[in-house]
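S.K.: Please read through the structure below; I'll follow up with questions.
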Amino acid sequence: MAGILGAMMLLGFAAAPAKADLKLCNNTTSRVGVAIGYKDREGWATEGWWTFDPGKCLPLLKGDLIAKYYYVYAVDYDKGGSWGGKAMMCIRDKIFTIRGFDNCKEREFTQVGFFEVDTGEETDWTISLSGDKSNP
């Protein structure tokens with residue numbers, strides 16, 4: 001009886017769903033602020049700010065990823081500069097969720113370039129932030 005119960009418990013653990021998230025690891029020596037852009041069932045959105053201490057990894061979005069592409073903009077709080085790219089989206093200085101990425105100025109937001117992350121349609125992805133900044 002104990003053997004059957006033990007086998008059932010092992011099967012229960014094996015059937016538990018894997019935790020899938022969009023995570024970011026700060027592999028720099030600075031504190032960084034991070035904003036993300038993505039398309040979900042309601043359309044395009046940008047969100048920010050998450051603060052990452054050096055060497056820390058945290059989830060940006062929890063649960064299975066539903067898109068192939070996500071976009072990231074990060075600011076170096078300690079040394080200045082930022083990591084960005086060509087995908088122009090809206091941000092603001094304080095914590096935000098912004099729907100849509102057009103007419104940023106008219107809506108009193110700042111428009112900046114985010115870099116693209118191709119997840120290959122995986123349900124779980126980790127972004128490593130390191131290297132040279134796109135804007136010193």
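Note on naming: chains are A, B, ... as they come in the structure tokens, residues start from 1 per chain, ligands start from 1 in the order shown.
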Taking 3 positions as the minimum chain separation for residues in the same chain, which residues sit within 8 Å of Gly85 in chain A when counting only C-alpha atoms? Answer as a VMD selection string.
M.R.: chain A and resid 73 88 113 to 116 134
S.K.: With a distance cut-off of 9 Å and only C-alpha atoms, select the neighbouring residues of Arg31 in chain A, excluding the residue or stretch itself and same-chain residues fewer than 6 positions from it, and output the selection as a list of chain:residue names.
M.R.: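 In the requested form, the answer reads A:Thr51, A:Phe52, A:Asp53, A:Pro54, A:Val75, A:Asp76, A:Tyr77, A:Asp78, A:Lys79.
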S.K.: Please identify all polymer residues within 12 Å of Cys57 in chain A, counting only C-alpha atoms, omitting same-chain residues fewer than 2 positions from it, and present them as a list in words.
M.R.: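 Everything that qualifies: Asp21, Leu22, Lys23, Leu24, Cys25, Asn26, Asn27, Thr28, Arg31, Val32, Val34, Trp50, Thr51, Phe52, Asp53, Pro54, Gly55, Pro59, Leu60, Trp125, Thr126, Ile127, Ser128 and Leu129 of chain A.
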S.K.: Output N, CA, C and O atoms of each residue in that selection to a file, as an mmCIF file, in the first residue's frame.
M.R.:
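File written: result-v8.cif
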data_model
loop_
_atom_site.group_PDB
_atom_site.id
_atom_site.type_symbol
_atom_site.label_atom_id
_atom_site.label_comp_id
_atom_site.auth_asym_id
_atom_site.auth_seq_id
_atom_site.Cartn_x
_atom_site.Cartn_y
_atom_site.Cartn_z
ATOM 1 N N ASP A 21 7.702 31.640 -17.790
ATOM 2 C CA ASP A 21 7.657 33.088 -17.624
ATOM 3 C C ASP A 21 8.576 33.748 -18.654
ATOM 4 O O ASP A 21 9.418 33.090 -19.254
ATOM 5 N N LEU A 22 8.421 35.061 -18.790
ATOM 6 C CA LEU A 22 9.426 35.876 -19.462
ATOM 7 C C LEU A 22 10.249 36.497 -18.349
ATOM 8 O O LEU A 22 9.736 37.291 -17.555
ATOM 9 N N LYS A 23 11.521 36.078 -18.235
ATOM 10 C CA LYS A 23 12.388 36.542 -17.167
ATOM 11 C C LYS A 23 13.514 37.409 -17.739
ATOM 12 O O LYS A 23 13.857 37.283 -18.905
ATOM 13 N N LEU A 24 14.068 38.256 -16.895
ATOM 14 C CA LEU A 24 15.242 39.034 -17.273
ATOM 15 C C LEU A 24 16.289 38.876 -16.193
ATOM 16 O O LEU A 24 15.954 38.916 -14.998
ATOM 17 N N CYS A 25 17.535 38.664 -16.611
ATOM 18 C CA CYS A 25 18.666 38.596 -15.681
ATOM 19 C C CYS A 25 19.565 39.797 -15.945
ATOM 20 O O CYS A 25 19.973 40.046 -17.081
ATOM 21 N N ASN A 26 19.853 40.533 -14.897
ATOM 22 C CA ASN A 26 20.743 41.696 -14.984
ATOM 23 C C ASN A 26 22.169 41.229 -14.762
ATOM 24 O O ASN A 26 22.606 41.040 -13.636
ATOM 25 N N ASN A 27 22.895 41.037 -15.854
ATOM 26 C CA ASN A 27 24.285 40.593 -15.775
ATOM 27 C C ASN A 27 25.258 41.763 -15.866
ATOM 28 O O ASN A 27 26.372 41.615 -16.363
ATOM 29 N N THR A 28 24.821 42.935 -15.388
ATOM 30 C CA THR A 28 25.688 44.108 -15.355
ATOM 31 C C THR A 28 26.115 44.364 -13.914
ATOM 32 O O THR A 28 25.669 43.675 -12.996
ATOM 33 N N ARG A 31 22.501 48.855 -11.112
ATOM 34 C CA ARG A 31 21.044 48.708 -10.992
ATOM 35 C C ARG A 31 20.442 49.192 -12.293
ATOM 36 O O ARG A 31 20.873 50.215 -12.834
ATOM 37 N N VAL A 32 19.469 48.466 -12.816
ATOM 38 C CA VAL A 32 18.836 48.875 -14.060
ATOM 39 C C VAL A 32 17.321 48.911 -13.901
ATOM 40 O O VAL A 32 16.748 48.165 -13.111
ATOM 41 N N VAL A 34 13.801 48.496 -16.139
ATOM 42 C CA VAL A 34 13.411 47.784 -17.353
ATOM 43 C C VAL A 34 11.945 48.040 -17.684
ATOM 44 O O VAL A 34 11.079 48.015 -16.799
ATOM 45 N N TRP A 50 10.529 47.831 -13.849
ATOM 46 C CA TRP A 50 11.044 46.855 -12.909
ATOM 47 C C TRP A 50 12.472 47.276 -12.598
ATOM 48 O O TRP A 50 13.221 47.664 -13.489
ATOM 49 N N THR A 51 12.863 47.212 -11.341
ATOM 50 C CA THR A 51 14.235 47.537 -10.947
ATOM 51 C C THR A 51 14.975 46.244 -10.633
ATOM 52 O O THR A 51 14.495 45.420 -9.849
ATOM 53 N N PHE A 52 16.128 46.075 -11.280
ATOM 54 C CA PHE A 52 16.950 44.879 -11.110
ATOM 55 C C PHE A 52 18.287 45.264 -10.505
ATOM 56 O O PHE A 52 19.009 46.094 -11.067
ATOM 57 N N ASP A 53 18.625 44.661 -9.388
ATOM 58 C CA ASP A 53 19.959 44.825 -8.823
ATOM 59 C C ASP A 53 20.942 44.007 -9.652
ATOM 60 O O ASP A 53 20.547 43.063 -10.348
ATOM 61 N N PRO A 54 22.246 44.329 -9.576
ATOM 62 C CA PRO A 54 23.245 43.559 -10.326
ATOM 63 C C PRO A 54 23.162 42.069 -9.976
ATOM 64 O O PRO A 54 23.002 41.705 -8.807
ATOM 65 N N GLY A 55 23.225 41.231 -10.991
ATOM 66 C CA GLY A 55 23.235 39.791 -10.780
ATOM 67 C C GLY A 55 21.883 39.165 -10.461
ATOM 68 O O GLY A 55 21.814 37.964 -10.214
ATOM 69 N N PRO A 59 10.996 37.650 -12.946
ATOM 70 C CA PRO A 59 10.039 37.554 -14.054
ATOM 71 C C PRO A 59 9.476 38.929 -14.425
ATOM 72 O O PRO A 59 9.198 39.753 -13.561
ATOM 73 N N LEU A 60 9.346 39.169 -15.727
ATOM 74 C CA LEU A 60 8.673 40.366 -16.238
ATOM 75 C C LEU A 60 7.204 40.051 -16.504
ATOM 76 O O LEU A 60 6.328 40.856 -16.210
ATOM 77 N N TRP A 125 11.127 31.990 -21.459
ATOM 78 C CA TRP A 125 12.305 32.630 -22.046
ATOM 79 C C TRP A 125 12.991 33.501 -21.016
ATOM 80 O O TRP A 125 12.330 34.177 -20.232
ATOM 81 N N THR A 126 14.317 33.510 -21.041
ATOM 82 C CA THR A 126 15.093 34.374 -20.160
ATOM 83 C C THR A 126 15.961 35.297 -21.014
ATOM 84 O O THR A 126 16.686 34.837 -21.898
ATOM 85 N N ILE A 127 15.865 36.589 -20.742
ATOM 86 C CA ILE A 127 16.647 37.616 -21.414
ATOM 87 C C ILE A 127 17.826 37.959 -20.515
ATOM 88 O O ILE A 127 17.629 38.202 -19.316
ATOM 89 N N SER A 128 19.033 37.983 -21.050
ATOM 90 C CA SER A 128 20.211 38.367 -20.281
ATOM 91 C C SER A 128 20.628 39.765 -20.702
ATOM 92 O O SER A 128 20.952 39.987 -21.868
ATOM 93 N N LEU A 129 20.622 40.679 -19.754
ATOM 94 C CA LEU A 129 21.021 42.060 -20.034
ATOM 95 C C LEU A 129 22.486 42.232 -19.655
ATOM 96 O O LEU A 129 22.874 42.042 -18.506
#
S.K.: For Ala67 in chain A, which of A:Glu108, A:Arg92, A:Ser30, A:Trp44 is the closest residue, counting only C-alpha atoms?
M.R.: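 Among A:Glu108, A:Arg92, A:Ser30, A:Trp44, it is A:Trp44 that comes nearest to Ala67 in chain A.
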S.K.: Name the residues of range 49-128 of chain A that fall into strand (DSSP E or B) according to DSSP on the backbone, using the chain letters and numbers of this document, as a PyMOL selection string.
M.R.: chain A and resi 49-52+57-62+69-76+82-83+87-91+96-99+110-118+125-128
S.K.: Out of A:Ile91, A:Ala45, A:Leu65, A:Glu122, which residue has the shortest atom-to-atom distance to Thr110 in chain A when counting only C-alpha atoms?
M.R.: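 Using only C-alpha atoms, the shortest distance to Thr110 in chain A belongs to A:Ile91.
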S.K.: From a backbone DSSP assignment, name each residue in chain A labelled alpha helix (DSSP H), as a list in words.
M.R.: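 The residues of chain A classed as alpha helix (DSSP H) are Ala2, Gly3, Ile4, Leu5, Gly6, Ala7, Met8, Met9, Leu10, Leu11, Gly12, Phe13 and Ala14 of chain A.
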S.K.: Name all residues at most 9 Å from Tyr70 in chain A (count only C-alpha atoms; drop same-chain ones fewer than 5 positions away) and give them as a VMD selection string.
M.R.: chain A and resid 36 to 39 115 to 119
S.K.: Let me see the file: selected residues, N, CA and C atoms, as a PDB file, in the first residue's frame.
M.R.:
ATOM      1  N   ILE A  36       9.001  46.788 -20.786  1.00  0.00           N
ATOM      2  CA  ILE A  36       8.783  45.798 -21.842  1.00  0.00           C
ATOM      3  C   ILE A  36       7.634  46.227 -22.736  1.00  0.00           C
ATOM      4  N   GLY A  37       7.668  45.739 -23.958  1.00  0.00           N
ATOM      5  CA  GLY A  37       6.592  45.939 -24.917  1.00  0.00           C
ATOM      6  C   GLY A  37       6.181  44.590 -25.459  1.00  0.00           C
ATOM      7  N   TYR A  38       4.885  44.412 -25.679  1.00  0.00           N
ATOM      8  CA  TYR A  38       4.394  43.127 -26.165  1.00  0.00           C
ATOM      9  C   TYR A  38       3.001  43.290 -26.769  1.00  0.00           C
ATOM     10  N   LYS A  39       2.603  42.287 -27.527  1.00  0.00           N
ATOM     11  CA  LYS A  39       1.254  42.248 -28.085  1.00  0.00           C
ATOM     12  C   LYS A  39       0.518  41.094 -27.426  1.00  0.00           C
ATOM     13  N   PHE A 115      14.593  47.142 -27.950  1.00  0.00           N
ATOM     14  CA  PHE A 115      15.215  46.088 -28.750  1.00  0.00           C
ATOM     15  C   PHE A 115      14.314  44.855 -28.761  1.00  0.00           C
ATOM     16  N   GLU A 116      14.374  44.135 -29.879  1.00  0.00           N
ATOM     17  CA  GLU A 116      13.497  42.991 -30.094  1.00  0.00           C
ATOM     18  C   GLU A 116      14.105  41.725 -29.504  1.00  0.00           C
ATOM     19  N   VAL A 117      13.243  40.914 -28.877  1.00  0.00           N
ATOM     20  CA  VAL A 117      13.631  39.610 -28.353  1.00  0.00           C
ATOM     21  C   VAL A 117      12.782  38.568 -29.075  1.00  0.00           C
ATOM     22  N   ASP A 118      13.423  37.686 -29.812  1.00  0.00           N
ATOM     23  CA  ASP A 118      12.733  36.616 -30.523  1.00  0.00           C
ATOM     24  C   ASP A 118      12.777  35.363 -29.664  1.00  0.00           C
ATOM     25  N   THR A 119      11.626  34.963 -29.131  1.00  0.00           N
ATOM     26  CA  THR A 119      11.559  33.801 -28.241  1.00  0.00           C
ATOM     27  C   THR A 119      11.450  32.486 -29.007  1.00  0.00           C
TER      28      THR A 119
END
S.K.: Go through A:Tyr69, A:Thr123, A:Asn135, A:Gly43 and flag the residue nearest Ile98 in chain A, using only C-alpha atoms for the distances.
M.R.: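 Answer, going by the shortest atom-to-atom distance: A:Gly43.
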S.K.: Grab the CA of Leu58 in chain A to CA of Asp102 in chain A distance for me, in Å with one decimal place.
M.R.: 28.6 Å
S.K.: Which of these, A:Glu42, A:Ala20, A:Ser130, A:Gly120, has the shortest distance to Gly63 in chain A once you count only C-alpha atoms?
M.R.: A:Ala20
